[in-house]
Amino acid sequence: MTQFDLTDDQRQIQEMAQKFTADAITPFAGEWDEKSHYPVEVWKAAGELGFGAIYVAEESGGIGLGRLEAALIMEAMAYGCPATSAYISIHNMATWMIDRFGDQAIKDRFLPQLVTMEKIASYCLTEPGSGSDAAALKTSARRDGDHFVLNGTKQFISGAGYNDIYVCMVRTGEEKSKGISAIVVEKGTPGLSFGAPEKKLGWNASPTAQVIFEDCRVPVANLVGAEGEGFRIAMAGLDGGRLNIGACSLGGAQRCLDEAVRYTKERQQFGQPVADFQNTQFMLADMATDLEAARALLYMAAAKVSANAPDKSRFSAMAKRLATDNGSSIVDRALQLHGGYGYLRDYPIERFWRDLRVHSILEGTNQVMRLIVGRELTRQ
């Protein structure tokens with residue numbers, strides 16, 4: 001691809017995701033939000049398109065695409081529902097970890113059903129006492145013969161209680177980051193339970209709850225990678241996760257910009273369309289500029305992650321920070337342009353306003369993104 005354009009193949013992928021969204025997500029997203037419905041019925045259809053294993057290797061059953069193609073899919077799906085799109089991102093991250101770091105035996109056991117989204121995966125890193133400081137996690141995994149015995153609690157886990165597979169970061173050693181391992185826990189394992197669904201501002205179409213381990217016995221064969229490699233595996237997944245959540249903000253912001261243009265052209269005040277006022281046009285122009293700037297940086301960062309460029313983490317952090325901050329700002333201005341109607345659930349703007357707010361917290365807060373960028377700059 002050239003620096004500022006997509007290839008024909010990338011456009012076809014984008015159009016396929018846009019059509020899937022228009023048919024299977026956009027018409028139903030408002031009801032999912034209102035009823036806190038987790039739309040597992042759409043996952044198998046998404047899996048048939050390869051969206052459950054976007055960057056899983058083809059030899060493992062995935063479609064083997066790059067991070068830019070993944071961002072295009074996430075952006076397209078978030079146009080209909082950011083919460084649904086973001087969940088697809090989480091499933092892909094967990095599935096990719098098994099494919100990228102697992103041995104052949106664990107791949108053969110779990111990937112066939114994850115790739116098709118017949119089974120759905122969650123990613124479990126955060127704990128009640130360790131958010132931004134992920135290496136401080138305390139969930140323990142004590143070796144007992146050919147099993148680990150897990151004890152502890154994971155917090156803010158998307159799909160907890162509903163999903164089938166949980167890729168968990170647990171402490172198998174004493175050292176801070178080097179004592180962390182990644183292990184797959186299946187729903188139904190004795191000792192695994194879940195907290196009550198959290199009552200949230202947004203993301204109502206994606207349930208969030210605690211994952212609780214009480215003497216939960218998990219086979220040693222469920223380790224992803226070697227013992228002690230979990231923190232490296234967790235961090236490797238975050239570059240892509242940050243791009244995906246940024247792409248979800250782009251999709252939501254594009255939807256709200258389009259809604260604002262449509263509404264201000266139709267809404268009459270003082271004898272003329274609101275869109276004819278210079279103040280409206282300036283607001284729309286700034287929103288469009290902020291969106292395109294964030295999109296360009298995110299696509300560049302995605303290309304760097306696919307190429308394993310040495311500055312990939314810095315660009316992922318910059319892109320995530322800009323896309324999520326700009327996305328929330330664009331949606332907020334779109335709501336303002338709708339006036340009082342933007343505050344009503346009759347229009348989709350308020351749902352996007354609620355759903356996009358959490359993106360500046362997920363996959364590392366935007367304050368941590370600034371810390372990553374600043375540290376890299378000052379190390380040069």
# chains A, B, ... in the order shown; residues from 1 in each chain; ligands from 1
call {"tool": "residues_around", "arguments": {"residues": "Lys199 of chain A", "least_positions_apart": "4", "cutoff": "12 Å", "atoms": "only C-alpha atoms", "output": "PDB file with all heavy atoms, in the first residue's frame"}}
result
ATOM      1  N   SER A  36     -29.566  -4.613  27.505  1.00  0.00           N
ATOM      2  CA  SER A  36     -28.304  -5.222  27.954  1.00  0.00           C
ATOM      3  C   SER A  36     -28.160  -6.631  27.386  1.00  0.00           C
ATOM      4  O   SER A  36     -27.824  -7.591  28.083  1.00  0.00           O
ATOM      5  CB  SER A  36     -28.223  -5.245  29.482  1.00  0.00           C
ATOM      6  OG  SER A  36     -28.183  -3.931  29.986  1.00  0.00           O
ATOM      7  N   PHE A 156     -13.261  -6.429  35.805  1.00  0.00           N
ATOM      8  CA  PHE A 156     -13.619  -5.759  34.542  1.00  0.00           C
ATOM      9  C   PHE A 156     -13.426  -6.676  33.334  1.00  0.00           C
ATOM     10  O   PHE A 156     -12.913  -6.238  32.290  1.00  0.00           O
ATOM     11  CB  PHE A 156     -12.800  -4.475  34.342  1.00  0.00           C
ATOM     12  CG  PHE A 156     -12.931  -3.470  35.443  1.00  0.00           C
ATOM     13  CD1 PHE A 156     -11.803  -2.857  35.964  1.00  0.00           C
ATOM     14  CD2 PHE A 156     -14.162  -3.118  35.952  1.00  0.00           C
ATOM     15  CE1 PHE A 156     -11.897  -1.910  36.980  1.00  0.00           C
ATOM     16  CE2 PHE A 156     -14.280  -2.172  36.968  1.00  0.00           C
ATOM     17  CZ  PHE A 156     -13.149  -1.572  37.487  1.00  0.00           C
ATOM     18  N   GLY A 195     -18.606 -12.942  39.184  1.00  0.00           N
ATOM     19  CA  GLY A 195     -19.351 -11.957  39.944  1.00  0.00           C
ATOM     20  C   GLY A 195     -20.622 -11.545  39.226  1.00  0.00           C
ATOM     21  O   GLY A 195     -20.873 -11.936  38.081  1.00  0.00           O
ATOM     22  N   TRP A 203     -21.450   0.416  27.054  1.00  0.00           N
ATOM     23  CA  TRP A 203     -21.080  -0.954  26.709  1.00  0.00           C
ATOM     24  C   TRP A 203     -22.100  -1.949  27.275  1.00  0.00           C
ATOM     25  O   TRP A 203     -21.752  -3.025  27.750  1.00  0.00           O
ATOM     26  CB  TRP A 203     -19.679  -1.278  27.238  1.00  0.00           C
ATOM     27  CG  TRP A 203     -18.576  -1.020  26.262  1.00  0.00           C
ATOM     28  CD1 TRP A 203     -18.508  -0.027  25.326  1.00  0.00           C
ATOM     29  CD2 TRP A 203     -17.358  -1.764  26.119  1.00  0.00           C
ATOM     30  NE1 TRP A 203     -17.336  -0.085  24.630  1.00  0.00           N
ATOM     31  CE2 TRP A 203     -16.610  -1.152  25.103  1.00  0.00           C
ATOM     32  CE3 TRP A 203     -16.825  -2.855  26.779  1.00  0.00           C
ATOM     33  CZ2 TRP A 203     -15.355  -1.611  24.706  1.00  0.00           C
ATOM     34  CZ3 TRP A 203     -15.568  -3.316  26.388  1.00  0.00           C
ATOM     35  CH2 TRP A 203     -14.860  -2.707  25.355  1.00  0.00           C
ATOM     36  N   ASN A 204     -23.373  -1.603  27.237  1.00  0.00           N
ATOM     37  CA  ASN A 204     -24.401  -2.485  27.775  1.00  0.00           C
ATOM     38  C   ASN A 204     -24.581  -3.750  26.950  1.00  0.00           C
ATOM     39  O   ASN A 204     -25.117  -4.746  27.452  1.00  0.00           O
ATOM     40  CB  ASN A 204     -25.732  -1.734  27.878  1.00  0.00           C
ATOM     41  CG  ASN A 204     -25.690  -0.651  28.923  1.00  0.00           C
ATOM     42  OD1 ASN A 204     -25.057  -0.803  29.969  1.00  0.00           O
ATOM     43  ND2 ASN A 204     -26.338   0.476  28.654  1.00  0.00           N
ATOM     44  N   ALA A 205     -24.136  -3.723  25.686  1.00  0.00           N
ATOM     45  CA  ALA A 205     -24.241  -4.916  24.844  1.00  0.00           C
ATOM     46  C   ALA A 205     -23.090  -5.884  25.076  1.00  0.00           C
ATOM     47  O   ALA A 205     -22.998  -6.910  24.408  1.00  0.00           O
ATOM     48  CB  ALA A 205     -24.297  -4.508  23.369  1.00  0.00           C
ATOM     49  N   SER A 206     -22.213  -5.562  26.017  1.00  0.00           N
ATOM     50  CA  SER A 206     -21.083  -6.434  26.337  1.00  0.00           C
ATOM     51  C   SER A 206     -20.990  -6.554  27.853  1.00  0.00           C
ATOM     52  O   SER A 206     -20.587  -5.612  28.529  1.00  0.00           O
ATOM     53  CB  SER A 206     -19.776  -5.849  25.778  1.00  0.00           C
ATOM     54  OG  SER A 206     -18.673  -6.670  26.089  1.00  0.00           O
ATOM     55  N   PRO A 207     -21.386  -7.701  28.420  1.00  0.00           N
ATOM     56  CA  PRO A 207     -21.404  -7.843  29.875  1.00  0.00           C
ATOM     57  C   PRO A 207     -20.000  -7.807  30.463  1.00  0.00           C
ATOM     58  O   PRO A 207     -19.036  -8.291  29.861  1.00  0.00           O
ATOM     59  CB  PRO A 207     -22.055  -9.216  30.086  1.00  0.00           C
ATOM     60  CG  PRO A 207     -21.788  -9.955  28.826  1.00  0.00           C
ATOM     61  CD  PRO A 207     -21.804  -8.937  27.737  1.00  0.00           C
ATOM     62  N   THR A 208     -19.890  -7.249  31.660  1.00  0.00           N
ATOM     63  CA  THR A 208     -18.618  -7.131  32.367  1.00  0.00           C
ATOM     64  C   THR A 208     -18.813  -7.639  33.790  1.00  0.00           C
ATOM     65  O   THR A 208     -19.782  -7.274  34.453  1.00  0.00           O
ATOM     66  CB  THR A 208     -18.155  -5.662  32.408  1.00  0.00           C
ATOM     67  OG1 THR A 208     -18.067  -5.160  31.068  1.00  0.00           O
ATOM     68  CG2 THR A 208     -16.802  -5.533  33.077  1.00  0.00           C
ATOM     69  N   ALA A 209     -17.890  -8.477  34.261  1.00  0.00           N
ATOM     70  CA  ALA A 209     -18.003  -9.020  35.612  1.00  0.00           C
ATOM     71  C   ALA A 209     -16.637  -9.502  36.082  1.00  0.00           C
ATOM     72  O   ALA A 209     -15.674  -9.558  35.310  1.00  0.00           O
ATOM     73  CB  ALA A 209     -19.010 -10.174  35.650  1.00  0.00           C
TER      74      ALA A 209
END
call {"tool": "residues_around", "arguments": {"residues": "segment 242-255 of chain A", "least_positions_apart": "2", "cutoff": "6 Å", "atoms": "only C-alpha atoms", "output": "MDAnalysis selection string"}}
result
chainID A and resid 71 74:76 78:79 82 238:240 257:258 320 323:324 327 330:331 363
call {"tool": "closest_residue", "arguments": {"among": "A:Ser132, A:Lys187, A:Asp215, A:Ser177", "to": "Gln367 of chain A", "atoms": "only C-alpha atoms"}}
result
A:Ser132
call {"tool": "closest_residue", "arguments": {"among": "A:Pro197, A:Glu214, A:Asp99, A:Glu186", "to": "Val149 of chain A", "atoms": "only C-alpha atoms"}}
result
A:Glu214
call {"tool": "select_by_dssp", "arguments": {"residues": "segment 115-301 of chain A", "states": "strand (DSSP E or B)", "output": "ChimeraX atom specification"}}
result
/A:121-124,127,130,140-144,147-158,165-171,180-186,192-194,208-219,223-224,268-269,272-273
call {"tool": "residues_around", "arguments": {"residues": "segment 52-63 of chain A", "least_positions_apart": "3", "cutoff": "9 Å", "atoms": "only C-alpha atoms", "output": "PyMOL selection string"}}
result
chain A and resi 43-44+46-49+66-67+69-70+73+88-89+91-93+95-97+99-100+107-108+111-112+114-117+120
call {"tool": "select_by_dssp", "arguments": {"residues": "segment 156-352 of chain A", "states": "alpha helix (DSSP H)", "output": "number ranges by chain"}}
result
A: 230-266, 278-306, 312-337, 349-352
call {"tool": "residues_around", "arguments": {"residues": "Gly225 of chain A", "least_positions_apart": "6", "cutoff": "9 Å", "atoms": "only C-alpha atoms", "output": "JSON, numbers by chain"}}
result
{"A": [98, 100, 101, 102, 103, 181, 182, 183, 233]}
call {"tool": "closest_residue", "arguments": {"among": "A:Leu201, A:Ile157, A:Ala135, A:Ala334", "to": "Glu174 of chain A", "atoms": "only C-alpha atoms"}}
result
A:Ala135
call {"tool": "atom_distance", "arguments": {"atom1": "atom CA of Asp286 of chain A", "atom2": "atom CA of Asp325 of chain A"}}
result
14.0 Å
call {"tool": "residues_around", "arguments": {"residues": "Trp32 of chain A", "least_positions_apart": "6", "cutoff": "12 Å", "atoms": "only C-alpha atoms", "output": "PyMOL selection string"}}
result
chain A and resi 24-26+38-42+80-84+202-207+351
call {"tool": "write_last_selection", "arguments": {"atoms": "N, CA and C atoms", "output": "tab-separated table (two decimals), in the first residue's frame"}}
result
chain	number	residue	atom	x	y	z
A	24	ALA	N	-26.33	-6.90	10.07
A	24	ALA	CA	-26.42	-7.71	11.28
A	24	ALA	C	-26.27	-6.94	12.58
A	25	ILE	N	-25.79	-5.70	12.53
A	25	ILE	CA	-25.49	-4.98	13.77
A	25	ILE	C	-26.29	-3.68	13.90
A	26	THR	N	-26.15	-2.78	12.93
A	26	THR	CA	-26.73	-1.43	13.05
A	26	THR	C	-28.23	-1.44	13.36
A	38	TYR	N	-26.41	-9.40	25.13
A	38	TYR	CA	-25.10	-9.80	24.58
A	38	TYR	C	-25.37	-10.58	23.30
A	39	PRO	N	-25.04	-10.02	22.14
A	39	PRO	CA	-25.52	-10.59	20.86
A	39	PRO	C	-24.69	-11.77	20.38
A	40	VAL	N	-24.65	-12.84	21.18
A	40	VAL	CA	-23.86	-14.01	20.79
A	40	VAL	C	-24.38	-14.62	19.50
A	41	GLU	N	-25.63	-14.32	19.14
A	41	GLU	CA	-26.19	-14.90	17.92
A	41	GLU	C	-25.51	-14.38	16.66
A	42	VAL	N	-24.85	-13.24	16.75
A	42	VAL	CA	-24.16	-12.72	15.56
A	42	VAL	C	-22.74	-13.24	15.45
A	80	GLY	N	-21.75	0.55	13.68
A	80	GLY	CA	-23.06	0.09	14.14
A	80	GLY	C	-23.14	0.01	15.65
A	81	CYS	N	-22.09	-0.54	16.29
A	81	CYS	CA	-22.10	-0.71	17.75
A	81	CYS	C	-20.67	-0.85	18.26
A	82	PRO	N	-20.13	0.18	18.91
A	82	PRO	CA	-18.76	0.09	19.42
A	82	PRO	C	-18.56	-1.05	20.42
A	83	ALA	N	-19.55	-1.33	21.24
A	83	ALA	CA	-19.40	-2.39	22.24
A	83	ALA	C	-19.24	-3.76	21.58
A	84	THR	N	-20.01	-4.00	20.53
A	84	THR	CA	-19.91	-5.26	19.81
A	84	THR	C	-18.57	-5.38	19.10
A	202	GLY	N	-21.95	2.63	29.88
A	202	GLY	CA	-22.13	2.21	28.50
A	202	GLY	C	-21.70	0.77	28.32
A	203	TRP	N	-21.45	0.42	27.05
A	203	TRP	CA	-21.08	-0.95	26.71
A	203	TRP	C	-22.10	-1.95	27.28
A	204	ASN	N	-23.37	-1.60	27.24
A	204	ASN	CA	-24.40	-2.48	27.77
A	204	ASN	C	-24.58	-3.75	26.95
A	205	ALA	N	-24.14	-3.72	25.69
A	205	ALA	CA	-24.24	-4.92	24.84
A	205	ALA	C	-23.09	-5.88	25.08
A	206	SER	N	-22.21	-5.56	26.02
A	206	SER	CA	-21.08	-6.43	26.34
A	206	SER	C	-20.99	-6.55	27.85
A	207	PRO	N	-21.39	-7.70	28.42
A	207	PRO	CA	-21.40	-7.84	29.87
A	207	PRO	C	-20.00	-7.81	30.46
A	351	ARG	N	-26.02	6.97	22.82
A	351	ARG	CA	-25.44	5.63	23.02
A	351	ARG	C	-23.96	5.62	22.66
call {"tool": "closest_residue", "arguments": {"among": "A:Asn151, A:Thr280, A:Gln272, A:Asn222", "to": "Val184 of chain A", "atoms": "only C-alpha atoms"}}
result
A:Asn222
call {"tool": "atom_distance", "arguments": {"atom1": "atom CA of Arg354 of chain A", "atom2": "atom CA of Gly50 of chain A"}}
result
28.7 Å
call {"tool": "residues_around", "arguments": {"residues": "Arg267 of chain A", "least_positions_apart": "6", "cutoff": "12 Å", "atoms": "only C-alpha atoms", "output": "JSON, numbers by chain"}}
result
{"A": [259, 260, 261, 273, 274, 275, 276, 277, 280, 337, 338, 339, 341]}
call {"tool": "residues_around", "arguments": {"residues": "segment 121-129 of chain A", "least_positions_apart": "2", "cutoff": "9 Å", "atoms": "only C-alpha atoms", "output": "PyMOL selection string"}}
result
chain A and resi 87+90-95+114+117+119+131-134+136-139+152-160+163-170+210-211+234
